[in-house]
$ cat upload-v3.csv   # CSV, C-alpha atoms
chain,number,residue,atom,x,y,z
A,1,MET,CA,119.5,68.9,111.5
A,2,ILE,CA,121.6,67.9,114.5
A,3,THR,CA,122.7,64.2,114.4
A,4,VAL,CA,124.9,61.8,116.3
A,5,ASN,CA,128.3,61.5,114.7
A,6,SER,CA,129.8,58.9,117.0
A,7,ILE,CA,129.1,57.1,120.3
A,8,TYR,CA,131.9,56.1,122.7
A,9,ARG,CA,132.4,54.3,126.0
A,10,HIS,CA,135.4,54.1,128.2
A,11,PRO,CA,135.3,50.7,130.1
A,12,ILE,CA,138.4,51.5,132.2
A,13,LYS,CA,138.9,55.1,133.4
A,14,GLY,CA,141.8,56.8,131.7
A,15,LEU,CA,142.2,54.0,129.1
A,16,THR,CA,141.2,53.6,125.4
A,17,PRO,CA,137.7,54.9,124.3
A,18,GLU,CA,135.8,52.3,122.2
A,19,THR,CA,133.3,53.2,119.5
A,20,LEU,CA,129.7,51.8,119.6
A,21,GLU,CA,127.4,51.1,116.7
A,22,THR,CA,124.4,51.0,119.0
A,23,THR,CA,123.8,51.3,122.8
A,24,GLU,CA,120.9,50.8,125.1
A,25,LEU,CA,120.2,53.6,127.6
A,26,THR,CA,118.5,53.2,130.9
A,27,PRO,CA,117.0,56.0,133.0
A,28,GLY,CA,119.4,57.4,135.5
A,29,GLN,CA,122.3,55.3,134.3
A,30,ALA,CA,125.4,55.9,132.2
A,31,ILE,CA,126.2,54.1,128.9
A,32,PRO,CA,126.7,50.4,129.7
A,33,ASN,CA,130.3,49.6,130.7
A,34,ASP,CA,131.3,53.2,130.6
A,35,ARG,CA,133.8,53.9,133.4
A,36,ARG,CA,132.8,50.6,135.0
A,37,PHE,CA,136.4,50.0,136.1
A,38,ALA,CA,139.3,52.1,137.3
A,39,LEU,CA,142.8,51.6,138.5
A,40,ALA,CA,143.1,52.9,142.1
A,41,LEU,CA,146.4,54.3,143.3
A,42,GLY,CA,148.4,52.1,145.6
A,43,ILE,CA,147.7,54.5,148.5
A,44,THR,CA,143.9,54.5,147.9
A,45,ARG,CA,141.9,52.7,150.5
A,46,THR,CA,139.1,50.9,148.7
A,47,LYS,CA,137.8,47.4,148.2
A,48,THR,CA,137.7,45.7,144.8
A,49,ALA,CA,134.0,46.4,144.5
A,50,ALA,CA,133.3,50.1,145.2
A,51,THR,CA,129.6,50.7,146.2
A,52,LYS,CA,130.0,54.5,146.3
A,53,TRP,CA,131.4,57.1,143.9
A,54,ILE,CA,135.1,57.9,144.5
A,55,PRO,CA,136.8,61.2,143.4
A,56,LYS,CA,139.2,60.9,140.4
A,57,SER,CA,142.2,61.9,142.5
A,58,ASN,CA,142.2,58.4,143.9
A,59,PHE,CA,142.9,56.8,140.5
A,60,LEU,CA,145.4,56.7,137.7
A,61,MET,CA,144.1,59.3,135.2
A,62,LEU,CA,145.2,61.2,132.2
A,63,GLN,CA,145.2,64.5,134.1
A,64,LYS,CA,148.4,63.4,135.9
A,65,ASN,CA,149.4,60.2,134.2
A,66,GLU,CA,149.6,60.8,130.4
A,67,ARG,CA,151.7,57.7,130.1
A,68,LEU,CA,148.4,55.8,130.1
A,69,ALA,CA,147.8,57.0,126.5
A,70,GLN,CA,150.8,54.9,125.3
A,71,LEU,CA,148.6,51.9,125.7
A,72,GLU,CA,145.6,50.6,123.6
A,73,THR,CA,143.0,48.5,125.4
A,74,GLN,CA,140.1,46.3,124.3
A,75,PHE,CA,137.3,45.2,126.6
A,76,ASP,CA,135.1,42.1,125.8
A,77,ASP,CA,131.6,42.4,127.3
A,78,GLU,CA,130.8,38.7,127.2
A,79,THR,CA,133.8,37.6,129.2
A,80,ASP,CA,134.7,40.9,131.1
A,81,THR,CA,138.2,40.4,129.7
A,82,LEU,CA,140.6,43.3,129.1
A,83,SER,CA,143.4,43.1,126.6
A,84,VAL,CA,146.3,45.6,126.8
A,85,PHE,CA,148.5,46.5,123.8
A,86,ARG,CA,151.6,48.6,123.4
A,87,SER,CA,152.8,49.5,119.9
A,88,GLY,CA,150.4,46.9,118.5
A,89,LYS,CA,151.8,44.1,120.7
A,90,GLN,CA,149.6,42.5,123.4
A,91,VAL,CA,151.4,43.0,126.8
A,92,ALA,CA,148.6,41.9,129.2
A,93,ARG,CA,145.3,40.1,129.3
A,94,GLY,CA,143.0,39.3,132.2
A,95,LYS,CA,139.3,38.8,133.2
A,96,LEU,CA,138.5,41.8,135.3
A,97,THR,CA,135.8,40.0,137.4
A,98,ASP,CA,138.2,37.2,138.3
A,99,ARG,CA,140.8,37.4,141.1
A,100,ILE,CA,143.6,36.0,139.0
A,101,GLY,CA,142.7,38.0,135.9
A,102,ARG,CA,142.6,41.2,138.0
A,103,GLY,CA,146.0,40.3,139.5
A,104,THR,CA,147.5,40.0,136.0
A,105,ILE,CA,146.3,43.4,135.0
A,106,GLU,CA,147.4,45.0,138.3
A,107,ASP,CA,150.9,43.4,137.9
A,108,PHE,CA,151.2,44.9,134.5
A,109,PHE,CA,150.2,48.4,135.6
A,110,ASP,CA,152.4,48.2,138.7
A,111,ALA,CA,155.4,47.6,136.4
A,112,PHE,CA,154.3,50.0,133.6
A,113,MET,CA,153.4,53.0,135.8
A,114,ALA,CA,156.2,52.5,138.4
A,115,ASP,CA,156.4,55.3,141.0
A,116,GLU,CA,153.4,57.1,139.4
A,117,ALA,CA,151.1,54.4,140.8
A,118,ARG,CA,152.2,55.2,144.3
A,119,GLY,CA,152.3,51.6,145.2
A,120,ARG,CA,150.7,48.5,143.5
A,121,PRO,CA,147.5,49.7,141.8
A,122,LYS,CA,144.2,48.0,142.5
A,123,LEU,CA,141.6,47.3,139.8
A,124,VAL,CA,138.3,48.5,141.2
A,125,GLU,CA,134.8,47.9,139.8
A,126,ALA,CA,131.9,50.3,140.3
A,127,THR,CA,128.9,48.4,141.7
A,128,GLY,CA,125.4,49.8,142.1
A,129,ALA,CA,124.2,52.9,140.4
A,130,HIS,CA,127.4,54.9,140.1
A,131,VAL,CA,130.3,54.9,137.6
A,132,PHE,CA,133.9,56.2,137.8
A,133,SER,CA,133.3,59.4,135.8
A,134,ASP,CA,134.4,62.8,137.0
A,135,HIS,CA,130.7,63.5,137.8
A,136,ASN,CA,129.3,62.1,141.0
A,137,ALA,CA,126.1,60.9,139.3
A,138,PRO,CA,125.7,58.6,136.3
A,139,VAL,CA,125.5,60.9,133.2
A,140,ILE,CA,126.1,60.9,129.5
A,141,SER,CA,128.7,63.4,128.2
A,142,ILE,CA,128.0,65.2,124.9
A,143,LEU,CA,130.4,67.0,122.6
A,144,ASN,CA,129.6,69.3,119.7
A,145,LEU,CA,132.0,68.9,116.8
A,146,ALA,CA,131.3,72.5,115.7
A,147,SER,CA,132.6,73.7,119.1
A,148,ILE,CA,135.8,71.8,118.4
A,149,LYS,CA,136.2,73.7,115.1
A,150,ASP,CA,135.8,77.0,117.1
A,151,VAL,CA,138.5,75.9,119.5
A,152,GLU,CA,140.7,75.2,116.5
A,153,ARG,CA,140.2,78.8,115.4
A,154,VAL,CA,142.0,79.8,118.6
A,155,THR,CA,144.7,77.1,118.6
A,156,GLN,CA,145.4,77.5,114.9
A,157,GLU,CA,145.9,73.7,114.7
A,158,PRO,CA,143.7,70.6,114.7
A,159,VAL,CA,142.2,69.4,118.0
A,160,GLU,CA,141.5,65.7,118.3
A,161,PRO,CA,138.0,65.3,119.7
A,162,ARG,CA,139.0,62.2,121.7
A,163,ARG,CA,140.9,64.4,124.0
A,164,PHE,CA,137.6,65.3,125.6
A,165,ARG,CA,136.6,61.6,126.3
A,166,ALA,CA,132.9,62.3,125.5
A,167,ASN,CA,130.2,59.6,125.0
A,168,ILE,CA,128.3,61.3,122.2
A,169,TRP,CA,129.7,63.4,119.4
A,170,LEU,CA,127.2,65.7,117.6
A,171,GLU,CA,127.3,67.4,114.3
A,172,GLY,CA,125.0,69.8,112.4
A,173,THR,CA,124.6,72.6,114.9
A,174,ALA,CA,126.3,75.9,115.7
A,175,PRO,CA,129.3,76.2,118.0
A,176,TRP,CA,128.4,76.2,121.7
A,177,HIS,CA,124.7,75.7,120.9
A,178,GLU,CA,124.8,72.8,123.5
A,179,PHE,CA,125.2,75.3,126.3
A,180,GLU,CA,121.7,76.7,125.5
A,181,TRP,CA,120.3,73.3,126.5
A,182,ILE,CA,121.2,73.4,130.2
A,183,ASP,CA,118.2,72.5,132.4
A,184,LYS,CA,116.2,71.6,129.3
A,185,GLN,CA,115.3,68.2,127.7
A,186,ILE,CA,116.6,66.8,124.4
A,187,SER,CA,115.6,63.7,122.5
A,188,ILE,CA,118.0,61.4,120.6
A,189,GLY,CA,116.2,58.8,118.6
A,190,ASP,CA,113.5,57.5,121.0
A,191,VAL,CA,115.5,58.5,124.2
A,192,ARG,CA,114.8,61.6,126.2
A,193,LEU,CA,117.5,63.2,128.3
A,194,THR,CA,117.8,66.3,130.5
A,195,VAL,CA,121.0,68.4,130.0
A,196,THR,CA,122.2,69.1,133.5
A,197,ALA,CA,125.5,71.1,133.4
A,198,ARG,CA,128.4,72.3,131.3
A,199,ILE,CA,131.6,70.2,131.7
A,200,ASP,CA,134.5,72.2,133.3
A,201,ARG,CA,137.7,70.7,132.0
A,202,CYS,CA,141.0,69.7,133.6
A,203,ALA,CA,144.5,69.2,132.2
A,204,ALA,CA,143.7,65.8,130.8
A,205,ILE,CA,142.5,67.4,127.6
A,206,ASN,CA,146.1,68.7,127.0
A,207,VAL,CA,147.2,65.1,126.4
A,208,ASN,CA,147.4,63.9,122.8
A,209,PRO,CA,145.6,60.5,122.8
A,210,LYS,CA,147.7,59.3,119.9
A,211,THR,CA,151.2,60.2,121.2
A,212,ALA,CA,150.7,60.4,125.0
A,213,GLU,CA,152.3,63.9,124.9
A,214,ARG,CA,151.1,67.1,126.4
A,215,ASP,CA,151.4,68.9,123.1
A,216,GLN,CA,148.6,71.4,123.3
A,217,ASN,CA,147.3,73.7,126.0
A,218,ILE,CA,143.6,73.5,125.4
A,219,ILE,CA,142.8,74.8,128.8
A,220,LYS,CA,144.7,78.0,128.0
A,221,ALA,CA,143.0,78.2,124.6
A,222,LEU,CA,139.6,78.0,126.1
A,223,GLN,CA,140.4,80.7,128.6
A,224,LYS,CA,142.0,83.0,125.9
A,225,GLY,CA,139.3,82.5,123.3
A,226,PHE,CA,136.1,82.1,125.4
A,227,ARG,CA,136.9,83.2,129.0
A,228,HIS,CA,135.9,79.8,130.5
A,229,ILE,CA,137.3,76.3,130.6
A,230,ASP,CA,134.0,74.5,129.8
A,231,PHE,CA,133.6,72.1,127.0
A,232,GLY,CA,130.6,69.8,126.3
A,233,VAL,CA,127.6,69.1,128.5
A,234,TYR,CA,126.4,66.4,130.9
A,235,ALA,CA,122.9,64.8,130.4
A,236,ARG,CA,120.8,62.5,132.5
A,237,VAL,CA,118.9,59.7,130.8
A,238,GLU,CA,115.1,60.1,131.5
A,239,THR,CA,113.6,57.3,129.3
A,240,ALA,CA,114.9,54.0,128.1
A,241,GLY,CA,115.8,53.3,124.5
A,242,THR,CA,118.4,52.7,121.8
A,243,ILE,CA,120.6,55.3,120.2
A,244,ARG,CA,122.9,54.9,117.1
A,245,PRO,CA,125.2,57.1,115.0
A,246,GLY,CA,122.9,59.0,112.6
A,247,ASP,CA,120.1,59.5,115.0
A,248,THR,CA,118.6,63.0,115.1
A,249,LEU,CA,118.9,65.1,118.2
A,250,ILE,CA,115.9,67.5,118.9
A,251,PRO,CA,116.1,70.1,121.6
A,252,GLN,CA,112.7,70.2,123.5
A,253,ILE,CA,112.5,74.0,123.7

$ encode --input "upload-v3.csv" --output "structure tokens"
Amino acid sequence: MITVNSIYRHPIKGLTPETLETTELTPGQAIPNDRRFALALGITRTKTAATKWIPKSNFLMLQKNERLAQLETQFDDETDTLSVFRSGKQVARGKLTDRIGRGTIEDFFDAFMADEARGRPKLVEATGAHVFSDHNAPVISILNLASIKDVERVTQEPVEPRRFRANIWLEGTAPWHEFEWIDKQISIGDVRLTVTARIDRCAAINVNPKTAERDQNIIKALQKGFRHIDFGVYARVETAGTIRPGDTLIPQI
């Protein structure tokens, strides 16, 4: 039986993933508050509210800015407030939908990222149907924990699943079984989704989310062991509903 092990969202692109005990899914949309905000590079020309999808090269991101993983962040849905911690100590706090609050967060990242930000970073909110994921359409990313174990067979050391920044972690199926669902539908609880594509990976997965160090070459391990750099799959939400850890996934084959 295939079940949901964990559910995650990433309110600010490149920053701390947050676990969810339950989440409401809507057709054609991502998990609520997933990649809703991002920190644009100082040279990026964009308004505070971005009405269209923007490629990840315009933002601070783990692929190039592993320093981001030194921070821990918490996002409060009710107040749209972001709290930033370093080594357990709060170093910044601001309401992201308020000009002064955004400025406080931007000031912190301007100082923290220094030249890497390529000017003063701008906090940008995705408005409309899109989010700031690497995919140009709102999707859910799915990870198979058995595939992690198969990668560990190649690396000969543990691989932290949070490296892959997926929304849904699955357990109870064979390694790489998720690739067989491409262009097919799956159900999780009372929600139906269509699996649309394999996720090709970038160097962000080489960054240890606990230490902020590039301590493993997962890209090389994928190429060596499996002759591709894909890990996980994207899925589009087709019907509304609620999902929770422990829900059963059923491939509609």

$ closest_atom_pairs --input "upload-v3.csv" --of "range 89-208 of chain A" --to "range 22-28 of chain A" --cutoff "8 Å" --atoms "only C-alpha atoms" --output "tab-separated table"
residue	atom	partner	partner_atom	distance
A:Pro138	CA	A:Gly28	CA	6.5
A:Val139	CA	A:Gly28	CA	7.4
A:Val191	CA	A:Leu25	CA	7.6

$ residues_around --input "upload-v3.csv" --residues "Thr48 in chain A" --least-positions-apart "5" --cutoff "8 Å" --atoms "all atoms listed in the file" --output "PyMOL selection string"
chain A and resi 122-125

$ residues_near_point --input "upload-v3.csv" --point "(135.0, 51.1, 133.5)" --cutoff "7 Å" --atoms "all atoms listed in the file" --output "PyMOL selection string"
chain A and resi 10-13+33-38+132

$ closest_residue --input "upload-v3.csv" --among "A:Gln185, A:Thr242, A:Gln74, A:Asn167" --to "Ile7 in chain A" --atoms "only C-alpha atoms"
A:Asn167

$ closest_residue --input "upload-v3.csv" --among "A:Arg165, A:Arg214, A:Arg192, A:Arg67" --to "Ser133 in chain A" --atoms "all atoms listed in the file"
A:Arg165

$ closest_residue --input "upload-v3.csv" --among "A:Ile182, A:Ile54, A:Ala69, A:Leu15" --to "Ala212 in chain A" --atoms "all atoms listed in the file"
A:Ala69

$ closest_residue --input "upload-v3.csv" --among "A:Asp110, A:Asp183, A:Glu171, A:Glu213" --to "Gly246 in chain A" --atoms "only C-alpha atoms"
A:Glu171

$ residues_around --input "upload-v3.csv" --residues "Lys95 in chain A" --least-positions-apart "4" --cutoff "12 Å" --atoms "only C-alpha atoms" --output "ChimeraX atom specification"
/A:37,74-84,99-106,123

$ closest_residue --input "upload-v3.csv" --among "A:Leu68, A:Ile229, A:Leu143, A:Ala40" --to "Gly14 in chain A" --atoms "only C-alpha atoms"
A:Leu68

$ decode --input "upload-v3.csv" --residues "range 130-155 of chain A" --atoms "N, CA and C atoms" --output "mmCIF file, in the first residue's frame"
data_model
loop_
_atom_site.group_PDB
_atom_site.id
_atom_site.type_symbol
_atom_site.label_atom_id
_atom_site.label_comp_id
_atom_site.auth_asym_id
_atom_site.auth_seq_id
_atom_site.Cartn_x
_atom_site.Cartn_y
_atom_site.Cartn_z
ATOM 1 N N HIS A 130 -0.021 31.547 -10.817
ATOM 2 C CA HIS A 130 1.309 30.926 -10.802
ATOM 3 C C HIS A 130 1.942 30.986 -9.413
ATOM 4 N N VAL A 131 3.051 30.238 -9.269
ATOM 5 C CA VAL A 131 3.889 30.298 -8.066
ATOM 6 C C VAL A 131 5.341 30.313 -8.529
ATOM 7 N N PHE A 132 6.281 30.509 -7.578
ATOM 8 C CA PHE A 132 7.683 30.614 -7.941
ATOM 9 C C PHE A 132 8.397 29.263 -7.857
ATOM 10 N N SER A 133 7.785 28.219 -8.388
ATOM 11 C CA SER A 133 8.473 26.937 -8.481
ATOM 12 C C SER A 133 9.337 26.943 -9.735
ATOM 13 N N ASP A 134 10.153 25.895 -9.905
ATOM 14 C CA ASP A 134 10.984 25.809 -11.102
ATOM 15 C C ASP A 134 10.148 25.476 -12.336
ATOM 16 N N HIS A 135 8.941 25.003 -12.123
ATOM 17 C CA HIS A 135 8.029 24.660 -13.210
ATOM 18 C C HIS A 135 7.170 25.876 -13.528
ATOM 19 N N ASN A 136 6.892 26.090 -14.805
ATOM 20 C CA ASN A 136 6.164 27.307 -15.187
ATOM 21 C C ASN A 136 4.656 27.212 -15.027
ATOM 22 N N ALA A 137 4.176 26.103 -14.453
ATOM 23 C CA ALA A 137 2.749 25.958 -14.147
ATOM 24 C C ALA A 137 2.621 25.469 -12.709
ATOM 25 N N PRO A 138 1.531 25.821 -12.017
ATOM 26 C CA PRO A 138 1.357 25.376 -10.631
ATOM 27 C C PRO A 138 1.196 23.855 -10.552
ATOM 28 N N VAL A 139 2.091 23.206 -9.856
ATOM 29 C CA VAL A 139 2.087 21.752 -9.746
ATOM 30 C C VAL A 139 2.440 21.337 -8.321
ATOM 31 N N ILE A 140 2.238 20.052 -8.052
ATOM 32 C CA ILE A 140 2.650 19.429 -6.798
ATOM 33 C C ILE A 140 3.848 18.540 -7.119
ATOM 34 N N SER A 141 4.903 18.625 -6.323
ATOM 35 C CA SER A 141 6.062 17.750 -6.548
ATOM 36 C C SER A 141 6.004 16.571 -5.581
ATOM 37 N N ILE A 142 6.298 15.385 -6.111
ATOM 38 C CA ILE A 142 6.139 14.136 -5.363
ATOM 39 C C ILE A 142 7.463 13.375 -5.345
ATOM 40 N N LEU A 143 7.830 12.887 -4.168
ATOM 41 C CA LEU A 143 9.090 12.173 -3.940
ATOM 42 C C LEU A 143 8.771 10.787 -3.385
ATOM 43 N N ASN A 144 9.492 9.784 -3.862
ATOM 44 C CA ASN A 144 9.342 8.405 -3.406
ATOM 45 C C ASN A 144 10.517 8.063 -2.495
ATOM 46 N N LEU A 145 10.246 7.792 -1.227
ATOM 47 C CA LEU A 145 11.321 7.508 -0.278
ATOM 48 C C LEU A 145 12.098 6.240 -0.634
ATOM 49 N N ALA A 146 11.460 5.309 -1.350
ATOM 50 C CA ALA A 146 12.189 4.117 -1.799
ATOM 51 C C ALA A 146 13.232 4.482 -2.845
ATOM 52 N N SER A 147 12.960 5.492 -3.654
ATOM 53 C CA SER A 147 13.949 5.962 -4.630
ATOM 54 C C SER A 147 15.134 6.604 -3.928
ATOM 55 N N ILE A 148 14.874 7.283 -2.802
ATOM 56 C CA ILE A 148 15.966 7.819 -1.985
ATOM 57 C C ILE A 148 16.892 6.693 -1.548
ATOM 58 N N LYS A 149 16.310 5.602 -1.079
ATOM 59 C CA LYS A 149 17.115 4.465 -0.628
ATOM 60 C C LYS A 149 17.964 3.908 -1.764
ATOM 61 N N ASP A 150 17.419 3.922 -2.987
ATOM 62 C CA ASP A 150 18.176 3.412 -4.125
ATOM 63 C C ASP A 150 19.338 4.346 -4.473
ATOM 64 N N VAL A 151 19.127 5.651 -4.310
ATOM 65 C CA VAL A 151 20.220 6.599 -4.517
ATOM 66 C C VAL A 151 21.303 6.379 -3.456
ATOM 67 N N GLU A 152 20.886 6.093 -2.231
ATOM 68 C CA GLU A 152 21.853 5.833 -1.152
ATOM 69 C C GLU A 152 22.703 4.597 -1.446
ATOM 70 N N ARG A 153 22.153 3.674 -2.198
ATOM 71 C CA ARG A 153 22.925 2.500 -2.612
ATOM 72 C C ARG A 153 24.128 2.921 -3.468
ATOM 73 N N VAL A 154 23.961 4.001 -4.234
ATOM 74 C CA VAL A 154 25.036 4.506 -5.088
ATOM 75 C C VAL A 154 25.987 5.399 -4.286
ATOM 76 N N THR A 155 25.434 6.282 -3.452
ATOM 77 C CA THR A 155 26.274 7.225 -2.697
ATOM 78 C C THR A 155 27.002 6.553 -1.544
#
